[in-house]
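Undergrad: Coordinates in data-v1.pdb, PDB, C-alpha atoms, are listed below.
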ATOM      1  CA  GLU A   1       2.172  -0.205  16.519  1.00  0.00           C
ATOM      2  CA  ILE A   2       3.223  -1.943  13.296  1.00  0.00           C
ATOM      3  CA  LEU A   3       0.834  -4.843  13.802  1.00  0.00           C
ATOM      4  CA  ARG A   4      -1.979  -2.410  14.572  1.00  0.00           C
ATOM      5  CA  GLU A   5      -1.340  -0.566  11.301  1.00  0.00           C
ATOM      6  CA  ILE A   6      -1.282  -3.820   9.329  1.00  0.00           C
ATOM      7  CA  HIS A   7      -4.621  -4.741  10.825  1.00  0.00           C
ATOM      8  CA  LEU A   8      -6.033  -1.279  10.028  1.00  0.00           C
ATOM      9  CA  ALA A   9      -4.862  -1.595   6.400  1.00  0.00           C
ATOM     10  CA  GLY A  10      -7.613  -4.176   5.989  1.00  0.00           C
ATOM     11  CA  ILE A  11      -5.818  -6.215   3.326  1.00  0.00           C
ATOM     12  CA  LYS A  12      -6.955  -9.828   3.532  1.00  0.00           C
ATOM     13  CA  THR A  13      -3.923 -12.199   3.613  1.00  0.00           C
ATOM     14  CA  PRO A  14      -1.387  -9.638   2.347  1.00  0.00           C
ATOM     15  CA  ARG A  15       2.003 -10.384   0.831  1.00  0.00           C
ATOM     16  CA  VAL A  16       4.392  -8.669   3.262  1.00  0.00           C
ATOM     17  CA  LEU A  17       8.052  -7.704   2.878  1.00  0.00           C
ATOM     18  CA  ASP A  18      10.198  -7.040   5.951  1.00  0.00           C
ATOM     19  CA  MET A  19      12.995  -4.677   4.862  1.00  0.00           C
ATOM     20  CA  GLY A  20      16.051  -5.032   7.093  1.00  0.00           C
ATOM     21  CA  CYS A  21      14.775  -8.202   8.742  1.00  0.00           C
ATOM     22  CA  GLY A  22      17.857  -9.074  10.833  1.00  0.00           C
ATOM     23  CA  THR A  23      17.269 -12.494  12.380  1.00  0.00           C
ATOM     24  CA  GLY A  24      13.793 -12.676  10.852  1.00  0.00           C
ATOM     25  CA  TRP A  25      11.833 -12.518  14.093  1.00  0.00           C
ATOM     26  CA  MET A  26       9.488  -9.822  12.745  1.00  0.00           C
ATOM     27  CA  THR A  27       9.183 -11.624   9.406  1.00  0.00           C
ATOM     28  CA  ALA A  28       7.934 -14.668  11.334  1.00  0.00           C
ATOM     29  CA  VAL A  29       5.374 -12.497  13.145  1.00  0.00           C
ATOM     30  CA  LEU A  30       4.315 -10.882   9.847  1.00  0.00           C
ATOM     31  CA  SER A  31       3.794 -14.338   8.313  1.00  0.00           C
ATOM     32  CA  GLN A  32       0.757 -14.694  10.590  1.00  0.00           C
ATOM     33  CA  PHE A  33      -0.996 -12.095   8.409  1.00  0.00           C
ATOM     34  CA  GLY A  34      -0.084 -13.690   5.068  1.00  0.00           C
ATOM     35  CA  GLU A  35       2.931 -14.676   2.996  1.00  0.00           C
ATOM     36  CA  ALA A  36       5.973 -12.830   4.374  1.00  0.00           C
ATOM     37  CA  HIS A  37       9.504 -12.442   3.028  1.00  0.00           C
ATOM     38  CA  GLY A  38      12.510 -10.666   4.485  1.00  0.00           C
ATOM     39  CA  VAL A  39      15.459  -8.687   3.083  1.00  0.00           C
ATOM     40  CA  ASP A  40      18.755  -8.065   4.870  1.00  0.00           C
ATOM     41  CA  LEU A  41      22.445  -7.362   4.305  1.00  0.00           C
ATOM     42  CA  ALA A  42      23.202 -10.725   5.923  1.00  0.00           C
ATOM     43  CA  PRO A  43      20.111 -12.941   5.653  1.00  0.00           C
ATOM     44  CA  GLU A  44      21.959 -16.100   6.759  1.00  0.00           C
ATOM     45  CA  ALA A  45      20.887 -15.685  10.402  1.00  0.00           C
ATOM     46  CA  ALA A  46      17.242 -15.258   9.404  1.00  0.00           C
ATOM     47  CA  ARG A  47      17.431 -18.357   7.195  1.00  0.00           C
ATOM     48  CA  ALA A  48      18.953 -20.345  10.069  1.00  0.00           C
ATOM     49  CA  PHE A  49      16.266 -19.264  12.567  1.00  0.00           C
ATOM     50  CA  HIS A  50      13.329 -19.510  10.134  1.00  0.00           C
ATOM     51  CA  PRO A  51      14.120 -21.985   7.326  1.00  0.00           C
ATOM     52  CA  GLU A  52      10.439 -22.141   6.357  1.00  0.00           C
ATOM     53  CA  LEU A  53      10.468 -18.479   5.249  1.00  0.00           C
ATOM     54  CA  THR A  54      12.058 -16.736   2.253  1.00  0.00           C
ATOM     55  CA  PHE A  55      14.854 -14.238   2.853  1.00  0.00           C
ATOM     56  CA  TYR A  56      16.649 -12.197   0.198  1.00  0.00           C
ATOM     57  CA  ASP A  57      20.077 -10.641   0.244  1.00  0.00           C
ATOM     58  CA  VAL A  58      20.007  -6.864  -0.274  1.00  0.00           C
ATOM     59  CA  GLY A  59      21.656  -7.224  -3.689  1.00  0.00           C
ATOM     60  CA  ALA A  60      19.263  -9.921  -4.918  1.00  0.00           C
ATOM     61  CA  THR A  61      16.507  -9.302  -7.424  1.00  0.00           C
ATOM     62  CA  ILE A  62      13.179  -9.528  -5.647  1.00  0.00           C
ATOM     63  CA  PRO A  63      10.762 -10.990  -8.180  1.00  0.00           C
ATOM     64  CA  ASP A  64       7.435  -9.809  -6.779  1.00  0.00           C
ATOM     65  CA  ARG A  65       5.637  -6.750  -5.478  1.00  0.00           C
ATOM     66  CA  TYR A  66       4.044  -6.573  -2.060  1.00  0.00           C
ATOM     67  CA  ASP A  67       0.808  -5.425  -0.460  1.00  0.00           C
ATOM     68  CA  ILE A  68       2.595  -4.261   2.685  1.00  0.00           C
ATOM     69  CA  ILE A  69       6.237  -3.346   3.259  1.00  0.00           C
ATOM     70  CA  VAL A  70       7.550  -2.913   6.791  1.00  0.00           C
ATOM     71  CA  SER A  71      10.793  -1.086   7.569  1.00  0.00           C
ATOM     72  CA  GLN A  72      11.415  -1.285  11.299  1.00  0.00           C
ATOM     73  CA  GLU A  73      14.350   0.791  12.577  1.00  0.00           C
ATOM     74  CA  VAL A  74      16.314   0.507   9.310  1.00  0.00           C
ATOM     75  CA  VAL A  75      16.321   3.780   7.352  1.00  0.00           C
ATOM     76  CA  GLU A  76      18.546   5.515   9.916  1.00  0.00           C
ATOM     77  CA  HIS A  77      21.316   3.007   9.058  1.00  0.00           C
ATOM     78  CA  VAL A  78      21.037   3.410   5.273  1.00  0.00           C
ATOM     79  CA  GLU A  79      23.702   5.484   3.517  1.00  0.00           C
ATOM     80  CA  ASP A  80      21.455   6.605   0.638  1.00  0.00           C
ATOM     81  CA  GLN A  81      18.036   7.056   2.204  1.00  0.00           C
ATOM     82  CA  LYS A  82      16.446   8.419  -0.997  1.00  0.00           C
ATOM     83  CA  ALA A  83      17.534   5.343  -2.958  1.00  0.00           C
ATOM     84  CA  TYR A  84      16.069   3.195  -0.188  1.00  0.00           C
ATOM     85  CA  MET A  85      12.699   4.956  -0.550  1.00  0.00           C
ATOM     86  CA  LYS A  86      12.816   4.493  -4.323  1.00  0.00           C
ATOM     87  CA  LEU A  87      13.441   0.750  -3.895  1.00  0.00           C
ATOM     88  CA  VAL A  88      10.542   0.426  -1.446  1.00  0.00           C
ATOM     89  CA  ALA A  89       8.278   2.288  -3.886  1.00  0.00           C
ATOM     90  CA  GLN A  90       9.283  -0.094  -6.689  1.00  0.00           C
ATOM     91  CA  LEU A  91       8.518  -3.156  -4.551  1.00  0.00           C
ATOM     92  CA  LEU A  92       5.157  -1.899  -3.260  1.00  0.00           C
ATOM     93  CA  LYS A  93       1.952  -2.585  -5.165  1.00  0.00           C
ATOM     94  CA  PRO A  94       0.077   0.561  -6.311  1.00  0.00           C
ATOM     95  CA  GLU A  95      -2.618  -0.014  -3.677  1.00  0.00           C
ATOM     96  CA  GLY A  96      -0.094  -1.104  -1.029  1.00  0.00           C
ATOM     97  CA  VAL A  97       0.889   0.242   2.379  1.00  0.00           C
ATOM     98  CA  PHE A  98       4.379   1.144   3.577  1.00  0.00           C
ATOM     99  CA  ILE A  99       4.905   1.163   7.357  1.00  0.00           C
ATOM    100  CA  LEU A 100       8.154   2.617   8.657  1.00  0.00           C
ATOM    101  CA  THR A 101       9.519   3.168  12.144  1.00  0.00           C
ATOM    102  CA  THR A 102      12.657   5.151  12.913  1.00  0.00           C
ATOM    103  CA  PRO A 103      14.152   7.043  15.862  1.00  0.00           C
ATOM    104  CA  ASN A 104      12.917  10.563  16.500  1.00  0.00           C
ATOM    105  CA  ALA A 105      16.020  12.779  16.203  1.00  0.00           C
ATOM    106  CA  LYS A 106      14.478  15.381  18.500  1.00  0.00           C
ATOM    107  CA  VAL A 107      14.688  12.842  21.330  1.00  0.00           C
ATOM    108  CA  SER A 108      17.418  10.399  20.302  1.00  0.00           C
ATOM    109  CA  LEU A 109      20.116  12.973  19.549  1.00  0.00           C
ATOM    110  CA  ARG A 110      19.766  14.345  23.085  1.00  0.00           C
ATOM    111  CA  ASN A 111      20.456  10.857  24.448  1.00  0.00           C
ATOM    112  CA  PRO A 112      23.838   9.551  23.207  1.00  0.00           C
ATOM    113  CA  GLN A 113      23.147   6.097  24.647  1.00  0.00           C
ATOM    114  CA  PHE A 114      20.752   5.602  21.691  1.00  0.00           C
ATOM    115  CA  LEU A 115      23.535   6.197  19.143  1.00  0.00           C
ATOM    116  CA  VAL A 116      25.282   2.829  19.156  1.00  0.00           C
ATOM    117  CA  GLN A 117      25.403   1.745  15.487  1.00  0.00           C
ATOM    118  CA  PRO A 118      28.238   2.600  13.081  1.00  0.00           C
ATOM    119  CA  LYS A 119      25.821   4.447  10.769  1.00  0.00           C
ATOM    120  CA  GLU A 120      23.196   6.587  12.450  1.00  0.00           C
ATOM    121  CA  LYS A 121      21.241   9.298  10.584  1.00  0.00           C
ATOM    122  CA  HIS A 122      18.240   9.966  12.794  1.00  0.00           C
ATOM    123  CA  LEU A 123      15.530  12.129  11.269  1.00  0.00           C
ATOM    124  CA  THR A 124      13.315  14.906  12.523  1.00  0.00           C
ATOM    125  CA  ARG A 125       9.608  14.864  11.685  1.00  0.00           C
ATOM    126  CA  ARG A 126      10.189  17.368   8.871  1.00  0.00           C
ATOM    127  CA  GLU A 127      13.139  15.406   7.434  1.00  0.00           C
ATOM    128  CA  LEU A 128      11.197  12.147   7.530  1.00  0.00           C
ATOM    129  CA  ARG A 129       8.163  13.688   5.827  1.00  0.00           C
ATOM    130  CA  GLU A 130      10.400  15.202   3.111  1.00  0.00           C
ATOM    131  CA  LEU A 131      12.187  11.886   2.577  1.00  0.00           C
ATOM    132  CA  LEU A 132       8.923   9.998   2.193  1.00  0.00           C
ATOM    133  CA  SER A 133       7.062  12.604   0.127  1.00  0.00           C
ATOM    134  CA  GLU A 134       8.847  11.995  -3.175  1.00  0.00           C
ATOM    135  CA  TYR A 135       7.429   8.474  -3.514  1.00  0.00           C
ATOM    136  CA  PHE A 136       4.643   8.272  -0.950  1.00  0.00           C
ATOM    137  CA  GLN A 137       1.590  10.010   0.386  1.00  0.00           C
ATOM    138  CA  VAL A 138       2.025  10.017   4.161  1.00  0.00           C
ATOM    139  CA  THR A 139      -1.332   9.105   5.676  1.00  0.00           C
ATOM    140  CA  GLU A 140      -0.073   9.054   9.259  1.00  0.00           C
ATOM    141  CA  LEU A 141       3.095  10.218  11.004  1.00  0.00           C
ATOM    142  CA  ARG A 142       3.252  10.137  14.770  1.00  0.00           C
ATOM    143  CA  SER A 143       5.738   9.595  17.549  1.00  0.00           C
ATOM    144  CA  PHE A 144       5.574   6.887  20.175  1.00  0.00           C
ATOM    145  CA  VAL A 145       5.031   8.775  23.398  1.00  0.00           C
ATOM    146  CA  PHE A 146       4.736   6.120  26.081  1.00  0.00           C
ATOM    147  CA  GLY A 147       7.355   6.450  28.770  1.00  0.00           C
ATOM    148  CA  TYR A 148       9.738   8.827  27.044  1.00  0.00           C
ATOM    149  CA  ALA A 149       8.464  12.305  27.908  1.00  0.00           C
ATOM    150  CA  LYS A 150       9.102  12.029  31.619  1.00  0.00           C
ATOM    151  CA  ASN A 151       8.740  15.777  32.224  1.00  0.00           C
ATOM    152  CA  VAL A 152       5.331  15.919  30.544  1.00  0.00           C
ATOM    153  CA  PRO A 153       2.265  14.673  32.438  1.00  0.00           C
ATOM    154  CA  TYR A 154       0.801  11.456  31.042  1.00  0.00           C
ATOM    155  CA  ARG A 155      -2.516  12.996  29.905  1.00  0.00           C
ATOM    156  CA  VAL A 156      -0.666  15.708  28.006  1.00  0.00           C
ATOM    157  CA  GLN A 157       1.496  13.029  26.341  1.00  0.00           C
ATOM    158  CA  MET A 158      -1.561  11.101  25.218  1.00  0.00           C
ATOM    159  CA  ARG A 159      -3.395  14.153  23.909  1.00  0.00           C
ATOM    160  CA  PHE A 160      -0.549  16.210  22.452  1.00  0.00           C
ATOM    161  CA  GLY A 161       2.321  13.727  22.093  1.00  0.00           C
ATOM    162  CA  GLU A 162       2.224  13.856  18.295  1.00  0.00           C
ATOM    163  CA  TYR A 163       2.638  17.626  18.340  1.00  0.00           C
ATOM    164  CA  LEU A 164       5.259  17.564  21.062  1.00  0.00           C
ATOM    165  CA  ASP A 165       7.245  14.865  19.219  1.00  0.00           C
ATOM    166  CA  SER A 166       8.093  13.503  22.636  1.00  0.00           C
ATOM    167  CA  GLY A 167       8.380   9.815  21.711  1.00  0.00           C
ATOM    168  CA  LEU A 168      11.671   8.085  21.001  1.00  0.00           C
ATOM    169  CA  HIS A 169      10.421   6.706  17.661  1.00  0.00           C
ATOM    170  CA  PHE A 170       8.258   7.738  14.729  1.00  0.00           C
ATOM    171  CA  ILE A 171       5.856   5.536  12.845  1.00  0.00           C
ATOM    172  CA  ALA A 172       4.861   6.544   9.332  1.00  0.00           C
ATOM    173  CA  VAL A 173       2.085   4.907   7.327  1.00  0.00           C
ATOM    174  CA  CYS A 174       2.233   5.649   3.615  1.00  0.00           C
ATOM    175  CA  ARG A 175       0.570   4.880   0.303  1.00  0.00           C
ATOM    176  CA  PRO A 176       2.328   5.084  -3.082  1.00  0.00           C
ATOM    177  CA  ARG A 177       1.950   8.289  -5.077  1.00  0.00           C
TER     178      ARG A 177
END
Using structure tokens, write down the structure from this file.

TA:
Amino acid sequence: EILREIHLAGIKTPRVLDMGCGTGWMTAVLSQFGEAHGVDLAPEAARAFHPELTFYDVGATIPDRYDIIVSQEVVEHVEDQKAYMKLVAQLLKPEGVFILTTPNAKVSLRNPQFLVQPKEKHLTRRELRELLSEYFQVTELRSFVFGYAKNVPYRVQMRFGEYLDSGLHFIAVCRPR
């Protein structure tokens, strides 16, 4: 879903920032589109796995702005989610695209096996839209529906999944305000 949205953004060789990059595996994938950097609380693992790429510590000053910022399954672990959105907005170019994925609270909170991290603040569709709206215009917000709404027939999932919020995760595509 993220790679599809990057392609649809239509930015030729974008500068991409992977917020919360972990071991840097997604940063390496994103580098196929253009120059890609990663940010993490502990970027040492990413540096070890991908020494050819640039990784910043969360506290470091990031000197540039980016065409695309990806935040994959990160915001739910952030203590101050509004401050996180402000930082992303500061790092994104005015014509840039912010792509975020996060668990769908409507589904995840009913399934305790998905709550395994020390900090988990899963968001509903409304909460996610409100969080994003201060700094971003949300151009798309949908849930991933494949395989998670087992009591809903497949055709209904495909046609109405966004309205049913039946997927385990949300993807939001945003532009700066």

Undergrad: In Å, how far is it from CA of Thr27 in chain A to CA of Leu92 in chain A?

TA: 16.5 Å

Undergrad: Counting only C-alpha atoms, which of A:Phe55, A:Tyr84, A:Phe49, A:Phe170 gets nearest to Val107 in chain A?

TA: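 The shortest atom-to-atom distance to Val107 in chain A comes from A:Phe170.
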
Undergrad: Excluding Lys82 in chain A and its own-chain neighbours fewer than 5 positions away, which residues fall within 10 Å of it when counting all atoms listed in the file? Please give them as a ChimeraX atom specification.

TA: /A:75,87-88,130-132,134-135

Undergrad: Find, counting all atoms listed in the file, the residue in A:Ile6, A:Ala46, A:Leu168, A:Cys174 that gets nearest to Pro94 in chain A.

TA: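 That would be A:Cys174, the residue with the smallest distance to Pro94 in chain A.
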
Undergrad: Residues near Val138 in chain A, anyone? I mean within 12 Å using all atoms listed in the file, not counting same-chain ones fewer than 5 positions away, as a VMD selection string.

TA: chain A and resid 97 to 100 125 to 126 128 to 133 171 to 177
